[in-house]
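Input: a single structure, listed below in structure tokens.
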Amino acid sequence: MISLISSAARAWARGRLHAGLLFAVLFMVGCTTPKWTMVTVDHGKRSYWSGRLGLTVDSQPPQSYFAGFTLQGSEQTGELTLMSPVGSTLAVMQWRPGQALLRQGEQTQRFASLDALVTNVTGTPLPVRALFGWLNGVPEAVEGWHADISQLPNGRLTARRLTPPTAELRVILER
């Protein structure tokens, strides 16, 4: 009888040890710095990003926008969600060929194109289509704009419009 209790006690202790090790491994994995969230599309290009962005436009009066964001899809079909610092959704922009939508709360506006939507929201044209290339590390040329993708491995992208009204777009990607 003593040997049965001894075997049962050892099995129970072994089970607790395994459970403890499993918990420790899961805890350590949970505490590691996550890698960038990646969803891939054609040719290994990313199609999902999140982080923070800032846009400054040297207009009269000057305009500045800062928000958290998630961007997914491509230049043809996608969605950009802008969030406040506390995480509430400020606006959702969705687009596909021939149509773009802006949702703010219960209101939805329709636009003929992504460019028209972005110009309406920011008051200035922005190279959103090139942004997908820039975020994938491709130095896409856009007349009047200079994109610095050299800090992309550190999760940072800066693009400047050199023609009036000058503008600066800064993106900081979550890791």
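Letters A, B, ... mark the chains of the structure tokens in the order given; residue numbers begin at 1 per chain; ligand numbers begin at 1, in order shown.
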Skip stretch 129-133 of chain A itself and residues of its chain fewer than 2 positions away, then list as a PyMOL selection string all residues within 12 Å of it, counting only C-alpha atoms.
chain A and resi 41+45-49+71-80+95+113-115+118+125-127+135-143+145-149+152+157-160+169-171
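If only C-alpha atoms are the atoms counted, then among A:Gly51, A:Gly155, A:Pro97, A:Pro61 the closest residue to A:Thr81 is A:Gly51.
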Would you pick out the contacts of A:Phe111 at 7 Å or less, using only C-alpha atoms, so that residues sharing its chain but fewer than 3 positions from it are not included, and give the list as a ChimeraX atom specification?
/A:99-101,116-117
Include C-alpha atoms and write out the residues we just selected as an mmCIF file, in the first residue's frame.
```cif
data_model
loop_
_atom_site.group_PDB
_atom_site.id
_atom_site.type_symbol
_atom_site.label_atom_id
_atom_site.label_comp_id
_atom_site.auth_asym_id
_atom_site.auth_seq_id
_atom_site.Cartn_x
_atom_site.Cartn_y
_atom_site.Cartn_z
ATOM 1 C CA GLN A 99 -15.528 53.646 -54.550
ATOM 2 C CA ALA A 100 -14.248 54.913 -51.227
ATOM 3 C CA LEU A 101 -16.149 55.224 -47.952
ATOM 4 C CA ALA A 116 -10.772 62.174 -53.185
ATOM 5 C CA LEU A 117 -11.482 60.646 -49.770
#
```
Spatial neighbours of stretch 65-69 of chain A, max dist 10 Å, only C-alpha atoms, sep filter under 6 positions, as a ChimeraX atom specification:
/A:49-57,80-92,122,169-174
Just list as a ChimeraX atom specification whatever in stretch 43-155 of chain A DSSP marks as strand (DSSP E or B).
/A:46,48-57,63-73,78-83,89-96,99-104,107-111,145-148
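Of note, atom CA of A:Ser64 and atom CA of A:Arg96 are spaced 27.1 Å apart.
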Using DSSP on the backbone coordinates, identify all residues within stretch 57-168 of chain A classified as alpha helix (DSSP H); present the result as a PyMOL selection string.
chain A and resi 114-122+128-135
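You will find atom CA of A:Pro164 at 8.3 Å from atom CA of A:Ser59.
Of the residues under consideration (A:Trp134, A:Gly98, A:Arg110, A:Gly144), A:Gly144 shows the shortest atom-to-atom contact distance to A:Thr166 when counting only C-alpha atoms.
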